[in-house]
Amino acid sequence: MQLGLDGRVALVTGGSRGIGAAVCLELARQGCEVAFTYVGEPDEANDTTSAIEKLGRRALPLEADAADSAATDKAVDRTVAELGGLDVLVCNAGITRDAVVWNMSDKAWDDVIAVNLKGYFTFNRAAARLFKDQRRGRIVNISSINGERGKFGQANYTAAKGGVNAMTRTLARELGKFNVTVNAVAPGMVATEMAADLAPEFRNAAVRESMLGRLADPADIAHVVAFLCSDFARHMTGQVIRVDGGQYI
Amino acid sequence: MFEWFGKVNFCPHTKVDGFAGHLRAGRLMGSTCTACGHLSFPPRADCPACRHGEFEFTEMSGRGAVMTFTTIAAAPAGFEDEVPFQLGVVDLEEGGRLLASFGDTVDPEKIAIDMPVQVVPRLFEESEDIKVHYTLEIPGTTWVKTDPE
Amino acid sequence: MSRVGIVGIGHTVFGRRSDATVQELAFEAWRDALADGDLDPDVIEATVIGSVPEYHKQRSLAGVIQEYLNLNPKPTWLTEVACASGSAAIRTAWLSIKAGVHDVVAVIGCQKMTELETPEILALMGRVGDVQWESGFGTTFPGYYAMFAQRHMHEFGTTAEHLAQVAVKNHYYGARNTKALFQKEITTAKALASDPVASPLTVYDCCANADGAACVILAGESAARKMGGDRVVWLEGNGCATSSMSVLRRPDLTGIPSAREAADQAYRMAGITAGDVKVAEVHDCFTIAEIMAYEDLGFCGKGEGGAFVAEKQSYIGGATPVNVDGGLKAKGHPVGATGVSMACEMVRQLRGEAGEARQVPDADIGLTHNVGGIGQYCFVNVFKKD
């Protein structure tokens, strides 16, 4: 599907693998120059960079920890400086540190909130400053169906994702008048590395839960993200779009 | 949606309603009479020269000169958090006149009669409702124009 | 066509009248006017009320007043042209007598300004400009006159000192008027040191809100002579004009075009020139307004208003005494009452009843200049004593 994104510049956080990498490639396929952040794993970052460039678009890998707000501001500045601007922000970088609440340490809580919630806030803030003055922009925050329902062992993760959903709605209200849409995509279980680390019974449970009897590919998420970045979705804002195969209806 | 115009709006309904939408897109519009070509700013549906009732919006450059000004120290309702602020009346290059507040690029101490200014369309950013207005800035100030709906 | 004269005047104390409703204030002025003219209320054929309704909680004031004055079923209605509402009421009564429909008409200008809070009043008064293109930017009434003052200073070198002189003069005379809101003299230094309102105008450049009422009873010539004898003061010139409401459509902001036009009409009708005026009441809602009025009325040349007051030409003993009852500045400005208050002062002066402290000697021709809003309306009246 031609989405009319030719020549736009996108920044994807956590873009070196999983959903983030799939989003980078789909946006590149649609014509975007793509910057992406990553932490550690330089080989994966290189793979993503090559894949983007093979599609004939420029790539800008940026090592930046989403929990570090100075680094996130710098990442946005560098994207603008080197790729000539910014039109799309996709926040995706996320971690898990599961534990039942009575066993969950301060650090497990703090680390997940720092990357999954505050990290989204700092990138959203930097993009908002830019987008409101240029009177156009797209923000897509990758959330989770576990931001809307409780998930055993994920007090920290569900709190962060629930927070991302709320923040997305607020930013949609604040930025709408500037022609900027802010939406969230809420996947269920996606066949990524993060999921591969889980025991098989968890993956099977998700398949059983899904009305479509399958897990998502990262590309399934990336397609919806790309659509939200296009003008076809110009009248959608403040929404949390579940792309979960019917896991949570 | 003329109710978008002004920090407070007392005039939601008018025949020149489209003015506010154009201002939102970054365009300052006067009106041109379709019968005799008379240009008015502020725009008006009823031609003062020939009484014809149809007009077209015409984009103004926004360049002009201050013909008088004042610093408001005692606030009217709705502006209590703004005082003191400077208001100016500007004679526009193409004709017509407008009243607006001075913006951030202008040093209040330097405001003087005959000073050249640029009228710049603005959105009130920190309001959830869409509110548009314009401010008086130093010549050469730029702003983003978008396509009107 | 017969002359029209004033046969009775009444005037309340202007001030914060938390003790009375607007109809109770109207009654005070009415009672005093009847007493002043030694008149029976039965001679009154109609009333005209000058008031600005937006300041009151009571809707449709004229009817309420007519009832309270016990004047049903005599006709009445309200005239409103902002701060000139009182003069509009006088003109209406004058027209009805000139047309031969009525012979004796009472005019009551009345207003309570204090039913609203100050920011509401400021916003309301600021809406006297163009609400579509101006009020959304935070205009205020003093703001408009401040912008006139900036132009006047720019073109003619008028100074803040000149403005302060107007306030000093009017407070001087206000201190000699028991009906005035402010009963104390002020110094130039005090005026110059007061808080800014809208640059260059400070608190002492601005008239104060006040509550009050005034009444004049007009009669056609033969009725006036019968009732008033040699105390009748004649309304010989009645001029009325408008200017554009919006400053955006007024070419020159250093004067009020409607005032010049209304003055021309009144002078012509009364067969006089500016130099014949022995005493005047002008609309000093702000000090700059009085300076512009000297020029608009021809008491001095264009741009010379500052020098006129600095040289004390508008004091008693000067070329044209102006506002020797304190003006709006010291009396306060109950908007609907002001025009009628001005007429009362003319009657007192021309009868020789203004009191030693502020009687203009040999005053036989007087003028009132009452402006509505920022000059969209102006009424100029010329009074004569036989």
# chains A, B, ... in the order shown; residues from 1 in each chain; ligands from 1
$ residues_around --residues "range 108-120 of chain A" --least-positions-apart "5" --cutoff "9 Å" --atoms "only C-alpha atoms" --output "PDB file with N, CA and C atoms, in the first residue's frame"
ATOM      1  N   THR A  13      12.686   4.594  18.437  1.00  0.00           N
ATOM      2  CA  THR A  13      13.537   4.232  19.581  1.00  0.00           C
ATOM      3  C   THR A  13      13.523   2.716  19.737  1.00  0.00           C
ATOM      4  N   ASP A  65      20.524   5.656  25.594  1.00  0.00           N
ATOM      5  CA  ASP A  65      19.711   4.953  26.591  1.00  0.00           C
ATOM      6  C   ASP A  65      18.441   5.772  26.821  1.00  0.00           C
ATOM      7  N   ALA A  66      17.300   5.148  26.592  1.00  0.00           N
ATOM      8  CA  ALA A  66      16.027   5.882  26.718  1.00  0.00           C
ATOM      9  C   ALA A  66      15.808   6.410  28.128  1.00  0.00           C
ATOM     10  N   ALA A  67      16.512   5.856  29.103  1.00  0.00           N
ATOM     11  CA  ALA A  67      16.337   6.329  30.485  1.00  0.00           C
ATOM     12  C   ALA A  67      17.115   7.607  30.763  1.00  0.00           C
ATOM     13  N   ASP A  68      17.916   8.039  29.793  1.00  0.00           N
ATOM     14  CA  ASP A  68      18.785   9.207  29.990  1.00  0.00           C
ATOM     15  C   ASP A  68      18.231  10.373  29.165  1.00  0.00           C
ATOM     16  N   SER A  69      17.613  11.344  29.824  1.00  0.00           N
ATOM     17  CA  SER A  69      16.892  12.372  29.059  1.00  0.00           C
ATOM     18  C   SER A  69      17.822  13.291  28.288  1.00  0.00           C
ATOM     19  N   THR A  72      18.438  11.429  25.143  1.00  0.00           N
ATOM     20  CA  THR A  72      17.280  11.380  24.226  1.00  0.00           C
ATOM     21  C   THR A  72      17.138  12.711  23.495  1.00  0.00           C
ATOM     22  N   CYS A  91       7.992   5.602  19.479  1.00  0.00           N
ATOM     23  CA  CYS A  91       8.645   5.173  20.723  1.00  0.00           C
ATOM     24  C   CYS A  91       8.375   3.705  20.924  1.00  0.00           C
ATOM     25  N   ASN A  92       9.444   2.968  21.067  1.00  0.00           N
ATOM     26  CA  ASN A  92       9.287   1.529  21.122  1.00  0.00           C
ATOM     27  C   ASN A  92      10.204   0.877  22.154  1.00  0.00           C
ATOM     28  N   ALA A  93      11.302   1.542  22.479  1.00  0.00           N
ATOM     29  CA  ALA A  93      12.306   0.934  23.369  1.00  0.00           C
ATOM     30  C   ALA A  93      11.666   0.523  24.679  1.00  0.00           C
ATOM     31  N   GLY A  94      11.828  -0.714  25.048  1.00  0.00           N
ATOM     32  CA  GLY A  94      11.204  -1.186  26.287  1.00  0.00           C
ATOM     33  C   GLY A  94      11.913  -2.393  26.844  1.00  0.00           C
ATOM     34  N   ILE A  95      11.782  -2.575  28.160  1.00  0.00           N
ATOM     35  CA  ILE A  95      12.372  -3.737  28.840  1.00  0.00           C
ATOM     36  C   ILE A  95      11.341  -4.357  29.760  1.00  0.00           C
ATOM     37  N   THR A  96      11.587  -5.587  30.192  1.00  0.00           N
ATOM     38  CA  THR A  96      10.756  -6.197  31.240  1.00  0.00           C
ATOM     39  C   THR A  96      11.654  -6.613  32.396  1.00  0.00           C
ATOM     40  N   ARG A  97      11.104  -6.545  33.585  1.00  0.00           N
ATOM     41  CA  ARG A  97      11.771  -7.078  34.793  1.00  0.00           C
ATOM     42  C   ARG A  97      10.661  -7.667  35.659  1.00  0.00           C
ATOM     43  N   ASP A  98      10.170  -8.858  35.242  1.00  0.00           N
ATOM     44  CA  ASP A  98       8.967  -9.391  35.881  1.00  0.00           C
ATOM     45  C   ASP A  98       9.222  -9.920  37.283  1.00  0.00           C
ATOM     46  N   ALA A  99       8.217  -9.785  38.123  1.00  0.00           N
ATOM     47  CA  ALA A  99       8.226 -10.402  39.462  1.00  0.00           C
ATOM     48  C   ALA A  99       6.850 -10.175  40.062  1.00  0.00           C
ATOM     49  N   ARG A 125       8.360  14.561  24.474  1.00  0.00           N
ATOM     50  CA  ARG A 125       8.525  15.977  24.767  1.00  0.00           C
ATOM     51  C   ARG A 125       9.400  16.660  23.715  1.00  0.00           C
ATOM     52  N   ASN A 141       3.277   5.711  19.897  1.00  0.00           N
ATOM     53  CA  ASN A 141       3.887   5.081  21.066  1.00  0.00           C
ATOM     54  C   ASN A 141       3.503   3.604  21.096  1.00  0.00           C
ATOM     55  N   SER A 143       2.676   0.503  22.816  1.00  0.00           N
ATOM     56  CA  SER A 143       2.215   0.183  24.167  1.00  0.00           C
ATOM     57  C   SER A 143       2.060  -1.328  24.278  1.00  0.00           C
ATOM     58  N   ALA A 155       3.648  -5.834  37.464  1.00  0.00           N
ATOM     59  CA  ALA A 155       3.178  -4.591  38.077  1.00  0.00           C
ATOM     60  C   ALA A 155       3.889  -3.396  37.458  1.00  0.00           C
ATOM     61  N   ASN A 156       5.198  -3.526  37.263  1.00  0.00           N
ATOM     62  CA  ASN A 156       5.985  -2.403  36.726  1.00  0.00           C
ATOM     63  C   ASN A 156       5.649  -2.170  35.240  1.00  0.00           C
ATOM     64  N   TYR A 157       5.630  -3.241  34.468  1.00  0.00           N
ATOM     65  CA  TYR A 157       5.395  -3.114  33.024  1.00  0.00           C
ATOM     66  C   TYR A 157       3.995  -2.580  32.724  1.00  0.00           C
ATOM     67  N   ALA A 159       2.055  -0.885  34.711  1.00  0.00           N
ATOM     68  CA  ALA A 159       1.949   0.516  35.160  1.00  0.00           C
ATOM     69  C   ALA A 159       2.538   1.436  34.101  1.00  0.00           C
ATOM     70  N   ALA A 160       3.692   1.056  33.554  1.00  0.00           N
ATOM     71  CA  ALA A 160       4.329   1.904  32.539  1.00  0.00           C
ATOM     72  C   ALA A 160       3.472   1.988  31.285  1.00  0.00           C
ATOM     73  N   LYS A 161       2.974   0.836  30.808  1.00  0.00           N
ATOM     74  CA  LYS A 161       2.189   0.850  29.568  1.00  0.00           C
ATOM     75  C   LYS A 161       0.850   1.563  29.758  1.00  0.00           C
ATOM     76  N   GLY A 163       0.472   3.970  31.772  1.00  0.00           N
ATOM     77  CA  GLY A 163       0.892   5.368  31.764  1.00  0.00           C
ATOM     78  C   GLY A 163       1.114   5.893  30.362  1.00  0.00           C
ATOM     79  N   VAL A 164       1.706   5.077  29.520  1.00  0.00           N
ATOM     80  CA  VAL A 164       1.925   5.491  28.121  1.00  0.00           C
ATOM     81  C   VAL A 164       0.585   5.776  27.446  1.00  0.00           C
TER      82      VAL A 164
END
$ residues_around --residues "Cys378 in chain C" --least-positions-apart "4" --cutoff "8 Å" --atoms "only C-alpha atoms" --output "list in words"
Ala84, Cys240, Ala241, Thr242, Ser258, Ala259, Ala262, His369, Asn370, Val371 and Gly372 of chain C
$ closest_residue --among "A:Ala10, A:Leu55, A:Val90, A:Met167" --to "Arg29 in chain A" --atoms "only C-alpha atoms"
A:Leu55
$ residues_around --residues "range 338-349 of chain C" --least-positions-apart "4" --cutoff "7 Å" --atoms "only C-alpha atoms" --output "PyMOL selection string"
chain C and resi 9+11+84-87+109+214-216+233+281+333-334+353-354+359-360+363+366+368+370
$ write_last_selection --atoms "C-alpha atoms" --output "PDB file, in the first residue's frame"
ATOM      1  CA  ILE C   9     -32.773  70.965  38.718  1.00  0.00           C
ATOM      2  CA  HIS C  11     -28.643  66.393  41.869  1.00  0.00           C
ATOM      3  CA  ALA C  84     -23.665  60.531  26.835  1.00  0.00           C
ATOM      4  CA  SER C  85     -26.950  58.869  27.752  1.00  0.00           C
ATOM      5  CA  GLY C  86     -27.944  61.804  29.960  1.00  0.00           C
ATOM      6  CA  SER C  87     -27.527  64.294  27.120  1.00  0.00           C
ATOM      7  CA  GLY C 109     -29.938  60.689  34.309  1.00  0.00           C
ATOM      8  CA  ALA C 214     -29.460  64.198  38.347  1.00  0.00           C
ATOM      9  CA  CYS C 215     -32.665  65.680  37.065  1.00  0.00           C
ATOM     10  CA  VAL C 216     -33.585  68.637  34.855  1.00  0.00           C
ATOM     11  CA  VAL C 233     -32.135  79.000  31.771  1.00  0.00           C
ATOM     12  CA  GLU C 281     -18.640  71.566  31.295  1.00  0.00           C
ATOM     13  CA  HIS C 333     -18.878  59.432  36.567  1.00  0.00           C
ATOM     14  CA  PRO C 334     -22.216  57.689  37.016  1.00  0.00           C
ATOM     15  CA  GLU C 353     -26.464  80.163  42.274  1.00  0.00           C
ATOM     16  CA  ALA C 354     -23.174  78.215  42.169  1.00  0.00           C
ATOM     17  CA  GLN C 359     -19.342  81.027  40.680  1.00  0.00           C
ATOM     18  CA  VAL C 360     -18.154  82.322  37.324  1.00  0.00           C
ATOM     19  CA  ALA C 363     -21.990  83.884  33.320  1.00  0.00           C
ATOM     20  CA  GLY C 366     -22.700  78.224  28.998  1.00  0.00           C
ATOM     21  CA  THR C 368     -21.881  71.369  27.912  1.00  0.00           C
ATOM     22  CA  ASN C 370     -20.870  65.182  26.705  1.00  0.00           C
TER      23      ASN C 370
END
$ residues_around --residues "range 42-44 of chain B" --least-positions-apart "6" --cutoff "8 Å" --atoms "only C-alpha atoms" --output "MDAnalysis selection string"
(chainID B and resid 15:16 19 29:32 55 57 96:98) or (chainID C and resid 133)
$ closest_residue --among "C:Gln265, C:Asn323, C:Ser18, C:Thr118" --to "chain B" --atoms "only C-alpha atoms"
C:Thr118
$ select_by_dssp --residues "chain B" --states "strand (DSSP E or B)" --output "PyMOL selection string"
chain B and resi 5+29-33+39-40+55-59+63-72+85-92+97-102+116-123+132-137
$ write_last_selection --atoms "C-alpha atoms" --output "PDB file, in the first residue's frame"
ATOM      1  CA  PHE B   5     -10.524  34.549  17.286  1.00  0.00           C
ATOM      2  CA  MET B  29      -7.007  38.094   5.357  1.00  0.00           C
ATOM      3  CA  GLY B  30      -8.627  41.341   4.328  1.00  0.00           C
ATOM      4  CA  SER B  31     -11.718  41.455   2.098  1.00  0.00           C
ATOM      5  CA  THR B  32     -12.119  42.614  -1.471  1.00  0.00           C
ATOM      6  CA  CYS B  33     -15.542  43.632  -2.760  1.00  0.00           C
ATOM      7  CA  LEU B  39     -10.127  46.399  -0.047  1.00  0.00           C
ATOM      8  CA  SER B  40     -11.043  46.450   3.645  1.00  0.00           C
ATOM      9  CA  PHE B  55     -16.574  39.670  -1.001  1.00  0.00           C
ATOM     10  CA  GLU B  56     -13.458  37.541  -1.360  1.00  0.00           C
ATOM     11  CA  PHE B  57     -10.783  37.090   1.246  1.00  0.00           C
ATOM     12  CA  THR B  58      -7.478  38.642   0.175  1.00  0.00           C
ATOM     13  CA  GLU B  59      -4.203  37.779   1.859  1.00  0.00           C
ATOM     14  CA  ARG B  63       3.599  44.688   7.150  1.00  0.00           C
ATOM     15  CA  GLY B  64       2.745  48.015   8.733  1.00  0.00           C
ATOM     16  CA  ALA B  65       3.730  50.817  11.087  1.00  0.00           C
ATOM     17  CA  VAL B  66       2.673  51.642  14.630  1.00  0.00           C
ATOM     18  CA  MET B  67       0.394  54.669  14.738  1.00  0.00           C
ATOM     19  CA  THR B  68      -0.241  54.564  18.487  1.00  0.00           C
ATOM     20  CA  PHE B  69       0.201  52.216  21.447  1.00  0.00           C
ATOM     21  CA  THR B  70      -0.205  51.877  25.191  1.00  0.00           C
ATOM     22  CA  THR B  71       0.817  49.602  28.066  1.00  0.00           C
ATOM     23  CA  ILE B  72      -2.241  48.213  29.791  1.00  0.00           C
ATOM     24  CA  PHE B  85       0.984  44.124  28.221  1.00  0.00           C
ATOM     25  CA  GLN B  86       1.410  46.439  25.240  1.00  0.00           C
ATOM     26  CA  LEU B  87      -1.290  47.108  22.648  1.00  0.00           C
ATOM     27  CA  GLY B  88      -0.617  48.811  19.338  1.00  0.00           C
ATOM     28  CA  VAL B  89      -2.689  50.175  16.488  1.00  0.00           C
ATOM     29  CA  VAL B  90      -0.962  49.542  13.158  1.00  0.00           C
ATOM     30  CA  ASP B  91      -1.541  51.148   9.766  1.00  0.00           C
ATOM     31  CA  LEU B  92      -1.109  48.309   7.252  1.00  0.00           C
ATOM     32  CA  ARG B  97      -5.612  49.224  10.285  1.00  0.00           C
ATOM     33  CA  LEU B  98      -5.492  46.678  13.073  1.00  0.00           C
ATOM     34  CA  LEU B  99      -5.149  46.529  16.824  1.00  0.00           C
ATOM     35  CA  ALA B 100      -3.091  43.800  18.481  1.00  0.00           C
ATOM     36  CA  SER B 101      -0.703  43.115  21.311  1.00  0.00           C
ATOM     37  CA  PHE B 102       3.053  43.221  20.820  1.00  0.00           C
ATOM     38  CA  PRO B 116       7.654  49.264  11.425  1.00  0.00           C
ATOM     39  CA  VAL B 117       6.183  45.922  12.520  1.00  0.00           C
ATOM     40  CA  GLN B 118       5.170  42.568  11.084  1.00  0.00           C
ATOM     41  CA  VAL B 119       1.757  41.211  12.030  1.00  0.00           C
ATOM     42  CA  VAL B 120       2.210  37.483  12.703  1.00  0.00           C
ATOM     43  CA  PRO B 121      -0.688  34.993  12.940  1.00  0.00           C
ATOM     44  CA  ARG B 122      -0.558  33.034  16.194  1.00  0.00           C
ATOM     45  CA  LEU B 123      -2.209  30.153  18.015  1.00  0.00           C
ATOM     46  CA  VAL B 132      -6.105  32.269  17.157  1.00  0.00           C
ATOM     47  CA  HIS B 133      -4.858  35.829  17.232  1.00  0.00           C
ATOM     48  CA  TYR B 134      -1.982  37.853  15.883  1.00  0.00           C
ATOM     49  CA  THR B 135       0.916  39.678  17.463  1.00  0.00           C
ATOM     50  CA  LEU B 136       3.064  42.607  16.406  1.00  0.00           C
ATOM     51  CA  GLU B 137       6.673  41.534  15.861  1.00  0.00           C
TER      52      GLU B 137
END
$ closest_atom_pairs --of "chain A" --to "chain B" --cutoff "12 Å" --atoms "only C-alpha atoms" --output "CSV"
residue,atom,partner,partner_atom,distance
A:Ala128,CA,B:Glu125,CA,11.8
A:Arg129,CA,B:Glu125,CA,11.2
A:Phe131,CA,B:Val144,CA,11.4
A:Lys132,CA,B:Glu125,CA,8.6
A:Asp133,CA,B:Val144,CA,7.7
A:Gln134,CA,B:Val144,CA,6.5
A:Arg135,CA,B:Val144,CA,7.2
A:Arg136,CA,B:Thr146,CA,9.1
A:Thr170,CA,B:Glu128,CA,10.3
A:Leu171,CA,B:Glu128,CA,10.6
A:Ala172,CA,B:Glu128,CA,10.2
A:Arg173,CA,B:Glu128,CA,6.7
A:Glu174,CA,B:Glu128,CA,6.2
A:Leu175,CA,B:Glu128,CA,8.8
A:Gly176,CA,B:Glu128,CA,8.7
A:Lys177,CA,B:Ile130,CA,6.3
A:Phe178,CA,B:Leu123,CA,8.6
A:Asn179,CA,B:Thr146,CA,9.4
$ write_last_selection --atoms "C-alpha atoms" --output "mmCIF file, in the first residue's frame"
data_model
loop_
_atom_site.group_PDB
_atom_site.id
_atom_site.type_symbol
_atom_site.label_atom_id
_atom_site.label_comp_id
_atom_site.auth_asym_id
_atom_site.auth_seq_id
_atom_site.Cartn_x
_atom_site.Cartn_y
_atom_site.Cartn_z
ATOM 1 C CA ALA A 128 6.400 17.898 20.653
ATOM 2 C CA ARG A 129 8.596 20.973 20.881
ATOM 3 C CA PHE A 131 6.282 19.403 15.860
ATOM 4 C CA LYS A 132 4.216 22.220 17.379
ATOM 5 C CA ASP A 133 6.402 24.882 15.813
ATOM 6 C CA GLN A 134 6.470 23.215 12.400
ATOM 7 C CA ARG A 135 2.712 22.551 12.560
ATOM 8 C CA ARG A 136 2.955 18.910 11.536
ATOM 9 C CA THR A 170 -3.137 13.865 26.912
ATOM 10 C CA LEU A 171 -0.599 14.676 24.225
ATOM 11 C CA ALA A 172 -3.264 14.216 21.565
ATOM 12 C CA ARG A 173 -5.258 16.954 23.327
ATOM 13 C CA GLU A 174 -2.271 19.252 23.656
ATOM 14 C CA LEU A 175 -0.894 18.844 20.152
ATOM 15 C CA GLY A 176 -4.032 18.476 18.042
ATOM 16 C CA LYS A 177 -4.336 22.168 17.210
ATOM 17 C CA PHE A 178 -0.833 22.034 15.676
ATOM 18 C CA ASN A 179 -1.800 19.323 13.162
#
$ closest_residue --among "C:Gly336, C:Gly228, C:Gly326, C:Gly255" --to "Ala88 in chain C" --atoms "only C-alpha atoms"
C:Gly336
$ residues_around --residues "Ala75 in chain A" --least-positions-apart "4" --cutoff "7 Å" --atoms "only C-alpha atoms" --output "PyMOL selection string"
chain A and resi 62+64+71+79
$ residues_around --residues "Val100 in chain A" --least-positions-apart "4" --cutoff "10 Å" --atoms "only C-alpha atoms" --output "list in words"
Met104, Ser105, Lys151, Phe152, Gly153, Gln154, Ala155 and Asn156 of chain A
$ write_last_selection --atoms "C-alpha atoms" --output "PDB file, in the first residue's frame"
ATOM      1  CA  MET A 104       9.598  -6.902  43.112  1.00  0.00           C
ATOM      2  CA  SER A 105      12.625  -4.787  44.052  1.00  0.00           C
ATOM      3  CA  LYS A 151      -0.788  -9.090  33.815  1.00  0.00           C
ATOM      4  CA  PHE A 152       0.524 -11.445  36.397  1.00  0.00           C
ATOM      5  CA  GLY A 153       4.082 -10.603  37.349  1.00  0.00           C
ATOM      6  CA  GLN A 154       4.139  -7.252  35.577  1.00  0.00           C
ATOM      7  CA  ALA A 155       3.178  -4.591  38.077  1.00  0.00           C
ATOM      8  CA  ASN A 156       5.985  -2.403  36.726  1.00  0.00           C
TER       9      ASN A 156
END
$ closest_residue --among "C:Pro200, C:Pro41, C:Gly100, C:Pro53" --to "Val4 in chain C" --atoms "only C-alpha atoms"
C:Gly100
$ residues_around --residues "Phe2 in chain B" --least-positions-apart "2" --cutoff "7 Å" --atoms "only C-alpha atoms" --output "MDAnalysis selection string"
chainID B and resid 4:5 12:13 17:20
$ write_last_selection --atoms "N, CA and C atoms" --output "compact mmCIF listing (two decimals), in the first residue's frame"
# COMPACT_ATOMS: atom_id res chain seq x y z
N TRP B 4 -13.03 31.20 17.36
CA TRP B 4 -11.62 30.91 17.63
C TRP B 4 -10.81 32.19 17.82
N PHE B 5 -11.34 33.33 17.38
CA PHE B 5 -10.52 34.55 17.29
C PHE B 5 -10.49 35.34 18.58
N PRO B 12 -19.14 35.26 18.17
CA PRO B 12 -18.99 33.97 17.51
C PRO B 12 -19.57 33.90 16.11
N HIS B 13 -20.51 34.81 15.79
CA HIS B 13 -21.20 34.70 14.50
C HIS B 13 -20.98 35.94 13.67
N ASP B 17 -16.81 34.95 8.89
CA ASP B 17 -16.46 33.81 9.73
C ASP B 17 -15.16 33.12 9.32
N GLY B 18 -14.92 33.00 8.03
CA GLY B 18 -13.76 32.26 7.53
C GLY B 18 -12.42 32.88 7.92
N PHE B 19 -12.45 34.14 8.37
CA PHE B 19 -11.22 34.83 8.75
C PHE B 19 -10.39 34.02 9.73
N ALA B 20 -11.06 33.41 10.71
CA ALA B 20 -10.35 32.70 11.78
C ALA B 20 -9.68 31.44 11.25
$ select_by_dssp --residues "chain B" --states "alpha helix (DSSP H)" --output "PyMOL selection string"
chain B and resi 18-24
$ closest_residue --among "A:Ala233, A:Tyr248, A:Phe227, A:Thr192" --to "Gly147 in chain A" --atoms "only C-alpha atoms"
A:Tyr248
